[in-house]
$ cat query-v3.txt   # compact mmCIF, C-alpha atoms and all ligand atoms
# COMPACT_ATOMS: atom_id res chain seq x y z
CA MET A 21 0.00 0.00 0.00
CA PRO A 22 1.44 3.43 -0.88
CA ALA A 23 2.30 5.71 2.00
CA GLU A 24 -0.49 8.10 1.19
CA SER A 25 -3.12 5.38 1.52
CA TRP A 26 -1.72 4.36 4.87
CA CYS A 27 -2.15 7.93 5.94
CA HIS A 28 -5.76 7.90 4.90
CA PHE A 29 -6.27 4.59 6.63
CA PHE A 30 -4.86 5.91 9.89
CA TYR A 31 -6.86 9.09 9.59
CA PHE A 32 -9.99 6.99 9.10
CA CYS A 33 -9.26 4.90 12.21
CA CYS A 34 -8.65 7.98 14.33
CA LYS A 35 -11.91 9.44 13.14
CA ILE A 36 -13.82 6.38 14.24
CA ARG A 37 -12.18 6.44 17.63
CA LEU A 38 -13.21 10.03 18.14
CA VAL A 39 -16.89 9.40 17.64
CA LYS A 40 -18.19 9.26 21.18
CA ARG A 41 -21.44 8.85 22.97
CA GLY A 42 -22.61 11.64 25.17
CA ILE A 43 -25.50 13.45 26.70
CA VAL A 44 -26.54 17.01 25.87
CA ILE A 45 -26.35 19.12 29.00
CA LYS A 46 -26.99 22.54 27.50
CA SER A 47 -28.73 23.68 24.38
CA THR A 48 -29.17 27.15 23.04
CA GLY A 49 -30.84 26.15 19.83
CA LYS A 50 -27.61 26.38 17.81
CA ARG A 51 -24.85 25.34 20.16
CA TYR A 52 -24.84 22.28 22.32
CA ARG A 53 -22.76 21.32 25.31
CA VAL A 54 -22.20 17.59 25.41
CA ALA A 55 -20.79 15.48 28.27
CA ASP A 56 -19.17 12.18 27.39
CA GLU A 57 -19.40 9.10 29.61
CA GLU A 58 -16.43 10.24 31.70
CA GLY A 59 -17.94 13.66 32.22
CA ASN A 60 -15.64 15.53 29.82
CA ILE A 61 -17.34 18.51 28.23
CA TYR A 62 -17.44 19.37 24.52
CA GLU A 63 -18.99 22.28 22.68
CA CYS A 64 -20.80 20.98 19.61
CA LEU A 65 -22.80 22.06 16.61
CA LEU A 66 -25.23 20.11 14.48
CA ARG A 67 -24.07 19.00 11.12
CA GLY A 68 -25.72 20.71 8.16
CA ARG A 69 -29.31 19.81 7.73
CA PHE A 70 -29.64 17.61 10.79
CA ARG A 71 -33.35 16.99 11.20
CA VAL A 72 -35.48 14.86 13.44
CA SER A 73 -38.08 13.13 11.39
CA GLY A 74 -41.66 14.08 12.08
CA ALA A 75 -41.48 16.76 14.73
CA ARG A 76 -41.45 20.36 13.64
CA THR A 77 -39.34 21.79 16.37
CA THR A 78 -37.25 24.89 16.76
CA ASN A 79 -34.55 22.74 18.34
CA PRO A 80 -34.03 19.22 17.01
CA VAL A 81 -31.78 18.34 19.96
CA ALA A 82 -32.45 19.19 23.61
CA VAL A 83 -30.91 18.73 27.04
CA GLY A 84 -31.12 15.11 28.11
CA ASP A 85 -30.67 13.81 24.59
CA HIS A 86 -28.24 10.96 24.09
CA VAL A 87 -26.13 11.58 21.01
CA ARG A 88 -23.14 10.37 19.11
CA PHE A 89 -20.71 13.15 18.36
CA ASP A 90 -17.39 13.72 16.69
CA ALA A 91 -15.29 14.92 19.59
CA ASP A 92 -12.58 16.14 17.28
CA GLU A 93 -14.74 18.41 15.18
CA GLY A 94 -17.35 19.20 17.80
CA VAL A 95 -20.21 17.97 15.68
CA ILE A 96 -23.25 15.97 16.76
CA THR A 97 -23.73 13.20 14.23
CA GLU A 98 -26.57 11.13 15.57
CA LEU A 99 -29.50 11.42 17.92
CA MET A 100 -30.42 8.32 19.93
CA PRO A 101 -34.05 7.33 20.43
CA ARG A 102 -35.78 9.14 23.30
CA CYS A 103 -37.73 7.59 26.17
CA ASN A 104 -39.79 10.75 26.43
CA TYR A 105 -39.58 14.48 25.91
CA ILE A 106 -41.49 17.51 27.00
CA ILE A 107 -42.40 20.24 24.58
CA ARG A 108 -44.17 23.51 24.40
CA ARG A 109 -45.34 25.65 21.57
CA ALA A 110 -42.60 28.05 20.55
CA THR A 111 -44.94 31.01 20.22
CA ASN A 112 -48.65 31.57 20.40
CA LEU A 113 -49.13 31.55 16.66
CA SER A 114 -46.45 29.17 15.58
CA ARG A 115 -47.07 25.54 14.85
CA GLU A 116 -43.52 24.78 15.82
CA SER A 117 -42.69 23.37 19.21
CA GLN A 118 -39.68 23.70 21.41
CA ILE A 119 -38.40 20.56 23.03
CA ILE A 120 -37.60 21.56 26.58
CA ALA A 121 -35.89 18.36 27.66
CA ALA A 122 -35.66 14.68 26.81
CA ASN A 123 -35.30 11.39 28.68
CA ILE A 124 -36.60 12.69 31.98
CA ASP A 125 -36.80 10.06 34.71
CA GLN A 126 -38.68 12.09 37.28
CA ALA A 127 -39.89 15.58 38.13
CA PHE A 128 -39.40 17.28 41.50
CA LEU A 129 -41.84 20.01 42.35
CA ILE A 130 -40.39 22.32 44.98
CA ILE A 131 -43.07 24.12 46.95
CA THR A 132 -43.20 26.35 50.01
CA VAL A 133 -45.93 27.13 52.51
CA LYS A 134 -44.44 30.53 53.21
CA MET A 135 -42.32 33.02 51.26
CA PRO A 136 -43.82 32.39 48.76
CA VAL A 137 -47.05 30.47 49.25
CA THR A 138 -47.42 27.80 46.56
CA LEU A 139 -51.03 27.48 45.50
CA VAL A 140 -52.43 23.96 45.65
CA GLU A 141 -53.94 24.47 42.22
CA PHE A 142 -50.44 24.99 40.86
CA ILE A 143 -49.34 21.74 42.51
CA ASP A 144 -52.29 19.85 41.06
CA ARG A 145 -51.80 21.22 37.57
CA PHE A 146 -48.14 20.24 37.70
CA LEU A 147 -48.92 16.74 38.94
CA ALA A 148 -51.61 16.22 36.30
CA THR A 149 -49.16 17.28 33.59
CA ALA A 150 -46.54 14.88 34.97
CA GLU A 151 -49.15 12.10 34.92
CA ALA A 152 -49.99 12.92 31.31
CA TYR A 153 -46.32 12.59 30.41
CA ARG A 154 -46.09 9.49 32.63
CA ILE A 155 -43.19 11.07 34.47
CA PRO A 156 -43.10 10.21 38.20
CA ALA A 157 -43.40 13.32 40.35
CA VAL A 158 -42.01 14.00 43.82
CA ILE A 159 -43.00 16.96 46.01
CA LEU A 160 -40.35 18.73 48.06
CA ILE A 161 -41.70 21.05 50.74
CA ASN A 162 -38.84 23.48 51.28
CA LYS A 163 -38.00 26.20 53.83
CA THR A 164 -39.34 24.17 56.76
CA ASP A 165 -36.90 26.13 58.96
CA LEU A 166 -39.07 29.20 58.49
CA TYR A 167 -42.33 27.60 59.51
CA GLY A 168 -44.12 28.35 62.75
CA GLU A 169 -46.72 26.05 64.24
CA GLU A 170 -49.46 27.02 61.81
CA GLU A 171 -47.31 26.69 58.70
CA MET A 172 -45.91 23.39 59.88
CA ALA A 173 -49.47 22.11 60.30
CA ARG A 174 -50.22 23.22 56.75
CA ALA A 175 -47.06 21.50 55.47
CA TYR A 176 -48.07 18.24 57.18
CA GLN A 177 -51.57 18.54 55.78
CA ILE A 178 -50.22 18.94 52.25
CA ARG A 179 -47.84 16.03 52.80
CA ASP A 180 -50.63 13.76 54.05
CA VAL A 181 -52.98 14.60 51.19
CA TYR A 182 -50.42 13.86 48.47
CA GLU A 183 -48.93 10.83 50.19
CA LYS A 184 -52.38 9.33 50.46
CA ILE A 185 -52.78 9.68 46.69
CA GLY A 186 -49.46 7.91 46.24
CA TYR A 187 -46.94 10.70 45.69
CA ARG A 188 -43.65 10.83 47.50
CA VAL A 189 -43.29 13.96 49.65
CA MET A 190 -40.15 15.20 51.39
CA MET A 191 -39.92 18.03 53.89
CA ILE A 192 -36.60 19.84 53.69
CA SER A 193 -34.73 23.01 54.37
CA ALA A 194 -32.23 23.78 51.63
CA THR A 195 -30.40 26.22 53.90
CA GLU A 196 -30.57 24.56 57.33
CA ASP A 197 -30.57 20.80 56.81
CA LYS A 198 -27.18 19.32 57.71
CA SER A 199 -27.76 16.46 55.33
CA LEU A 200 -29.81 16.23 52.19
CA ALA A 201 -29.05 12.53 51.81
CA ARG A 202 -32.65 11.57 51.07
CA VAL A 203 -32.77 14.03 48.20
CA GLU A 204 -29.35 12.91 46.93
CA ASP A 205 -30.43 9.27 47.03
CA ALA A 206 -33.51 10.06 45.00
CA LEU A 207 -31.43 11.89 42.37
CA ARG A 208 -28.69 9.30 41.93
CA ASN A 209 -28.33 7.98 38.37
CA ARG A 210 -31.42 9.75 37.18
CA ILE A 211 -32.33 12.78 35.12
CA THR A 212 -34.58 14.93 37.25
CA LEU A 213 -36.52 18.01 36.28
CA PHE A 214 -36.65 20.71 38.98
CA SER A 215 -39.69 22.89 38.94
CA GLY A 216 -41.48 25.35 41.16
CA ASN A 217 -42.40 29.00 41.47
CA SER A 218 -39.69 31.62 41.64
CA GLY A 219 -38.27 31.98 45.11
CA VAL A 220 -39.04 28.50 46.45
CA GLY A 221 -35.34 27.62 46.58
CA LYS A 222 -34.56 25.62 43.44
CA SER A 223 -31.16 27.23 42.84
CA THR A 224 -30.28 27.19 46.54
CA LEU A 225 -31.01 23.47 46.69
CA LEU A 226 -29.01 22.79 43.53
CA ASN A 227 -26.02 24.69 44.89
CA ARG A 228 -26.19 22.56 48.04
CA LEU A 229 -26.38 19.35 46.01
CA ASN A 230 -23.40 20.32 43.89
CA PRO A 231 -21.12 22.84 45.63
CA LYS A 232 -19.25 23.39 42.35
CA LEU A 233 -22.28 25.14 40.96
CA SER A 234 -22.73 28.75 41.83
CA LEU A 235 -26.17 29.53 40.56
CA THR A 236 -27.52 32.92 41.47
CA THR A 237 -30.15 32.75 44.15
CA GLY A 238 -32.73 35.16 45.39
CA SER A 239 -32.64 37.02 42.11
CA ILE A 240 -35.77 38.43 40.63
CA SER A 241 -34.64 37.82 37.04
CA ASP A 242 -36.86 34.75 36.95
CA TYR A 243 -39.92 36.90 37.25
CA HIS A 244 -39.04 38.85 34.15
CA GLU A 245 -38.52 35.73 32.13
CA GLN A 246 -41.79 34.17 33.09
CA GLY A 247 -43.90 35.94 30.51
CA LYS A 248 -41.55 35.19 27.66
CA HIS A 249 -42.17 32.20 25.53
CA ILE A 250 -38.94 31.66 23.68
CA THR A 251 -35.17 31.81 24.00
CA THR A 252 -34.86 30.50 27.53
CA TYR A 253 -33.23 27.12 27.34
CA PRO A 254 -32.88 24.95 30.37
CA GLU A 255 -29.56 23.65 31.58
CA MET A 256 -28.66 20.30 33.05
CA HIS A 257 -26.39 20.16 36.08
CA PRO A 258 -24.53 17.14 37.40
CA VAL A 259 -25.41 16.21 40.99
CA ALA A 260 -24.91 13.00 43.03
CA ASP A 261 -23.01 10.19 41.27
CA GLY A 262 -24.36 9.94 37.77
CA GLY A 263 -27.36 12.14 38.40
CA TYR A 264 -28.41 15.24 36.52
CA VAL A 265 -30.88 17.94 37.42
CA ILE A 266 -32.55 20.08 34.80
CA ASP A 267 -33.17 23.55 36.09
CA THR A 268 -35.72 25.49 34.15
CA PRO A 269 -35.01 29.16 34.75
CA GLY A 270 -38.11 31.22 34.55
CA ILE A 271 -40.10 29.02 32.24
CA LYS A 272 -43.07 26.93 32.99
CA ALA A 273 -41.23 23.68 33.11
CA PHE A 274 -43.73 21.44 31.51
CA GLY A 275 -44.89 23.78 28.82
CA VAL A 276 -48.56 23.22 28.42
CA ILE A 277 -50.31 20.11 27.39
CA ASP A 278 -53.48 20.40 25.41
CA PHE A 279 -55.56 18.33 27.75
CA ASP A 280 -58.52 16.56 26.29
CA ARG A 281 -61.36 17.64 28.54
CA ASN A 282 -62.74 14.12 28.71
CA GLU A 283 -59.44 12.76 29.93
CA ILE A 284 -58.36 15.22 32.58
CA TYR A 285 -59.60 12.99 35.39
CA HIS A 286 -57.26 10.25 34.21
CA PHE A 287 -54.43 12.42 35.50
CA PHE A 288 -55.81 12.71 39.04
CA PRO A 289 -54.94 9.19 40.24
CA GLU A 290 -57.36 9.04 43.19
CA ILE A 291 -60.22 10.36 41.05
CA PHE A 292 -59.41 7.96 38.26
CA ARG A 293 -59.26 4.99 40.64
CA ILE A 294 -62.74 5.57 41.99
CA SER A 295 -64.36 6.66 38.72
CA SER A 296 -64.97 3.10 37.58
CA GLY A 297 -67.85 3.02 40.06
CA CYS A 298 -69.70 5.96 38.50
CA ARG A 299 -73.08 5.16 36.94
CA PHE A 300 -72.14 6.49 33.51
CA TYR A 301 -69.03 5.18 31.84
CA ASN A 302 -68.40 8.65 30.41
CA CYS A 303 -69.08 10.48 33.70
CA LEU A 304 -67.04 13.67 33.98
CA HIS A 305 -67.82 13.94 37.70
CA LEU A 306 -69.49 17.31 37.38
CA ASP A 307 -73.23 16.96 37.98
CA GLU A 308 -74.03 13.47 36.74
CA PRO A 309 -76.19 11.28 39.01
CA ASP A 310 -74.56 8.49 41.03
CA CYS A 311 -71.08 9.90 40.65
CA MET A 312 -68.71 8.04 42.97
CA VAL A 313 -66.16 10.84 42.73
CA ARG A 314 -68.51 13.46 44.17
CA GLU A 315 -69.58 10.99 46.84
CA ALA A 316 -65.96 10.44 47.79
CA VAL A 317 -65.43 14.19 48.00
CA ALA A 318 -68.50 14.50 50.25
CA ARG A 319 -67.13 11.74 52.52
CA ASP A 320 -63.69 13.45 52.57
CA ASP A 321 -62.10 10.45 50.91
CA ILE A 322 -61.03 12.73 48.11
CA GLU A 323 -59.61 16.09 49.19
CA LEU A 324 -61.91 18.94 48.27
CA TRP A 325 -59.08 21.11 46.91
CA ARG A 326 -58.05 18.32 44.53
CA TYR A 327 -61.57 18.12 43.20
CA ARG A 328 -61.64 21.92 42.86
CA SER A 329 -58.38 21.84 40.90
CA TYR A 330 -59.90 19.23 38.65
CA ILE A 331 -63.00 21.34 38.07
CA SER A 332 -60.92 24.42 37.39
CA MET A 333 -58.89 22.57 34.76
CA MET A 334 -62.14 21.34 33.24
CA LEU A 335 -63.59 24.81 33.01
CA GLU A 336 -60.64 26.77 31.81
CA ASP A 337 -60.05 27.90 28.31
CA ASN A 338 -57.10 25.84 27.16
CA GLU A 339 -56.34 28.38 24.46
CA LYS A 340 -55.06 30.98 26.85
CA TYR A 341 -52.31 28.70 28.13
CA ARG A 342 -50.88 27.86 24.77
N1 LIG B 401 -34.89 30.13 55.23
C1 LIG B 401 -34.71 29.51 54.06
N2 LIG B 401 -34.48 30.23 52.95
C2 LIG B 401 -34.31 29.56 51.80
C3 LIG B 401 -34.38 28.16 51.71
N3 LIG B 401 -34.18 27.81 50.42
C4 LIG B 401 -34.00 28.96 49.74
N4 LIG B 401 -34.07 30.03 50.56
C5 LIG B 401 -33.95 31.44 50.17
O1 LIG B 401 -35.00 31.77 49.30
C6 LIG B 401 -34.59 32.73 48.32
C7 LIG B 401 -34.91 32.23 46.91
O2 LIG B 401 -34.12 31.07 46.65
P1 LIG B 401 -33.71 30.63 45.17
O3 LIG B 401 -32.85 29.44 45.31
O4 LIG B 401 -33.17 31.80 44.41
O5 LIG B 401 -35.14 30.23 44.56
P2 LIG B 401 -35.49 29.81 43.06
O6 LIG B 401 -36.12 31.01 42.42
O7 LIG B 401 -36.49 28.71 43.20
O8 LIG B 401 -34.24 29.37 42.39
C8 LIG B 401 -33.10 32.94 48.55
O9 LIG B 401 -32.94 34.12 49.26
C9 LIG B 401 -32.70 31.73 49.38
O10 LIG B 401 -31.61 32.02 50.23
C10 LIG B 401 -34.63 27.41 52.93
O11 LIG B 401 -34.72 26.19 52.96
N5 LIG B 401 -34.80 28.15 54.06
MG MG B 402 -33.39 30.05 40.56
ZN ZN B 403 -68.36 10.46 38.21
$ encode --input "query-v3.txt" --output "structure tokens"
Amino acid sequence: MPAESWCHFFYFCCKIRLVKRGIVIKSTGKRYRVADEEGNIYECLLRGRFRVSGARTTNPVAVGDHVRFDADEGVITELMPRCNYIIRRATNLSRESQIIAANIDQAFLIITVKMPVTLVEFIDRFLATAEAYRIPAVILINKTDLYGEEEMARAYQIRDVYEKIGYRVMMISATEDKSLARVEDALRNRITLFSGNSGVGKSTLLNRLNPKLSLTTGSISDYHEQGKHITTYPEMHPVADGGYVIDTPGIKAFGVIDFDRNEIYHFFPEIFRISSGCRFYNCLHLDEPDCMVREAVARDDIELWRYRSYISMMLEDNEKYR
């Protein structure tokens, strides 16, 4: 073989060696930050007309995506199949969607009883959306160090209601707890979405879980971002061994699902469980006769605020949330 061919052959071999598998940890729509299996970081672009078949999305690749990439050239060459992904419409008028994140194992909703007060309707809407995506949800009640007797009672009440439905609930203080081992255990080897209103302590908790991070906390910038619909891309941060947390600065983490009105009760597990006893198979648990759901609410077997959240999701105009 002539020397030149040997050169090509070697070049070819090197090329193959440099194609690595990795996970996208940051996406800005054009540039992607990819971590390989050892945790090394690469800045990558997409090659030419890289397209995901089917979906019309503003970003074909999102945080959480498993990819093959050419580490030498910094180019993503292949997108691996996704377990799931969450999307939202890019703008009100556009038909295009933005993929917020892919391959999410679980979603943590951080709430507080004080400073700020998290509304139970917000919790229920979040949980219903997680159910619709079939993503397990965990509730973290944060800032317990600030709670007096009354607020502690409220926190326990919230915990009891959601535990009874089947959700895992943890009470924590991101600033005072000596150990956050329970949270770390739950995050290990998983991709977890962090969500919650501004000010509940998401960034503070993340900084505690990974002291190398220095996310700004207590800033009001989140508030300004909340109304915007585009250009905020979430970032994925390494935590515990092998775990990643996706922080969603100032965006409604789950985007908005277009719920089918007839199916909303499927996403309230305790309502769904009991609904098989309703007289009408298509009972929507509003004012139908012999509705087991309303009977359960009357007996206090189903929490009244859960039923109210359900009704409010039934009545609202889905359009306005798009
Ligand atoms: N007392 C107390 N303050 C907290 C706790 N967690 C967060 N904070 C404070 O709450 C404010 C908002 O926290 P931040 O992490 O920025 O909330 P984010 O908007 O959800 O990211 C900051 O001033 C934090 O120091 C906690 O467990 N206890
Ligand atoms: Mg924050
Ligand atoms: Zn019913």
$ residues_around --input "query-v3.txt" --residues "Ala316 (chain A)" --least-positions-apart "2" --cutoff "12 Å" --atoms "all atoms listed in the file" --output "list in words"
Glu290, Ile291, Phe292, Arg293, Ile294, Ser295, Gly297, Cys298, His305, Asp310, Cys311, Met312, Val313, Arg314, Ala318, Arg319, Asp320, Asp321, Ile322, Glu323, Leu324, Arg326 and Tyr327 of chain A
$ write_last_selection --input "query-v3.txt" --atoms "C-alpha atoms" --output "compact mmCIF listing (two decimals), in the frame of the given file"
# COMPACT_ATOMS: atom_id res chain seq x y z
CA GLU A 290 -57.36 9.04 43.19
CA ILE A 291 -60.22 10.36 41.05
CA PHE A 292 -59.41 7.96 38.26
CA ARG A 293 -59.26 4.99 40.64
CA ILE A 294 -62.74 5.57 41.99
CA SER A 295 -64.36 6.66 38.72
CA GLY A 297 -67.85 3.02 40.06
CA CYS A 298 -69.70 5.96 38.50
CA HIS A 305 -67.82 13.94 37.70
CA ASP A 310 -74.56 8.49 41.03
CA CYS A 311 -71.08 9.90 40.65
CA MET A 312 -68.71 8.04 42.97
CA VAL A 313 -66.16 10.84 42.73
CA ARG A 314 -68.51 13.46 44.17
CA ALA A 318 -68.50 14.50 50.25
CA ARG A 319 -67.13 11.74 52.52
CA ASP A 320 -63.69 13.45 52.57
CA ASP A 321 -62.10 10.45 50.91
CA ILE A 322 -61.03 12.73 48.11
CA GLU A 323 -59.61 16.09 49.19
CA LEU A 324 -61.91 18.94 48.27
CA ARG A 326 -58.05 18.32 44.53
CA TYR A 327 -61.57 18.12 43.20
$ closest_residue --input "query-v3.txt" --among "A:Met135, A:Val83, A:Ala194, A:Val189" --to "Tyr167 (chain A)" --atoms "only C-alpha atoms"
A:Met135
$ closest_residue --input "query-v3.txt" --among "A:Arg210, A:Arg51, A:Arg102, A:Arg228" --to "ligand LIG 401 (chain B)" --atoms "all atoms listed in the file"
A:Arg228
$ residues_near_ligand --input "query-v3.txt" --ligand "ligand MG 402 (chain B)" --cutoff "6 Å" --atoms "all atoms listed in the file" --output "VMD selection string"
chain A and resid 222 to 223 237
$ closest_residue --input "query-v3.txt" --among "A:Ala152, A:Val87, A:Leu235, A:Met172" --to "Lys40 (chain A)" --atoms "all atoms listed in the file"
A:Val87
$ closest_residue --input "query-v3.txt" --among "A:Val317, A:Val133, A:Ala173, A:Leu335" --to "ligand LIG 401 (chain B)" --atoms "all atoms listed in the file"
A:Val133
$ residues_around --input "query-v3.txt" --residues "Gly221 (chain A)" --least-positions-apart "6" --cutoff "9 Å" --atoms "all atoms listed in the file" --output "PyMOL selection string"
chain A and resi 130-132+162-163+194-195+237-238
$ closest_residue --input "query-v3.txt" --among "A:Thr78, A:His86, A:Phe287, A:Asp278" --to "Ile155 (chain A)" --atoms "all atoms listed in the file"
A:Phe287
$ atom_distance --input "query-v3.txt" --atom1 "CA of Val54 (chain A)" --atom2 "CA of Ala121 (chain A)"
13.9 Å
$ atom_distance --input "query-v3.txt" --atom1 "CA of Glu63 (chain A)" --atom2 "CA of Arg208 (chain A)"
25.2 Å
$ closest_residue --input "query-v3.txt" --among "A:Tyr153, A:Phe214, A:Trp26, A:Phe89" --to "ligand LIG 401 (chain B)" --atoms "only C-alpha atoms and all ligand atoms"
A:Phe214
$ atom_distance --input "query-v3.txt" --atom1 "CA of Tyr187 (chain A)" --atom2 "atom ZN of ligand ZN 403 (chain B)"
22.7 Å
$ decode --input "query-v3.txt" --residues "region 305-336 of chain A" --atoms "C-alpha atoms" --output "short mmCIF file (atom, residue, chain, number, x, y, z; two decimals), in the first residue's frame"
data_model
loop_
_atom_site.label_atom_id
_atom_site.label_comp_id
_atom_site.auth_asym_id
_atom_site.auth_seq_id
_atom_site.Cartn_x
_atom_site.Cartn_y
_atom_site.Cartn_z
CA HIS A 305 -67.82 13.94 37.70
CA LEU A 306 -69.49 17.31 37.38
CA ASP A 307 -73.23 16.96 37.98
CA GLU A 308 -74.03 13.47 36.74
CA PRO A 309 -76.19 11.28 39.01
CA ASP A 310 -74.56 8.49 41.03
CA CYS A 311 -71.08 9.90 40.65
CA MET A 312 -68.71 8.04 42.97
CA VAL A 313 -66.16 10.84 42.73
CA ARG A 314 -68.51 13.46 44.17
CA GLU A 315 -69.58 10.99 46.84
CA ALA A 316 -65.96 10.44 47.79
CA VAL A 317 -65.43 14.19 48.00
CA ALA A 318 -68.50 14.50 50.25
CA ARG A 319 -67.13 11.74 52.52
CA ASP A 320 -63.69 13.45 52.57
CA ASP A 321 -62.10 10.45 50.91
CA ILE A 322 -61.03 12.73 48.11
CA GLU A 323 -59.61 16.09 49.19
CA LEU A 324 -61.91 18.94 48.27
CA TRP A 325 -59.08 21.11 46.91
CA ARG A 326 -58.05 18.32 44.53
CA TYR A 327 -61.57 18.12 43.20
CA ARG A 328 -61.64 21.92 42.86
CA SER A 329 -58.38 21.84 40.90
CA TYR A 330 -59.90 19.23 38.65
CA ILE A 331 -63.00 21.34 38.07
CA SER A 332 -60.92 24.42 37.39
CA MET A 333 -58.89 22.57 34.76
CA MET A 334 -62.14 21.34 33.24
CA LEU A 335 -63.59 24.81 33.01
CA GLU A 336 -60.64 26.77 31.81
#
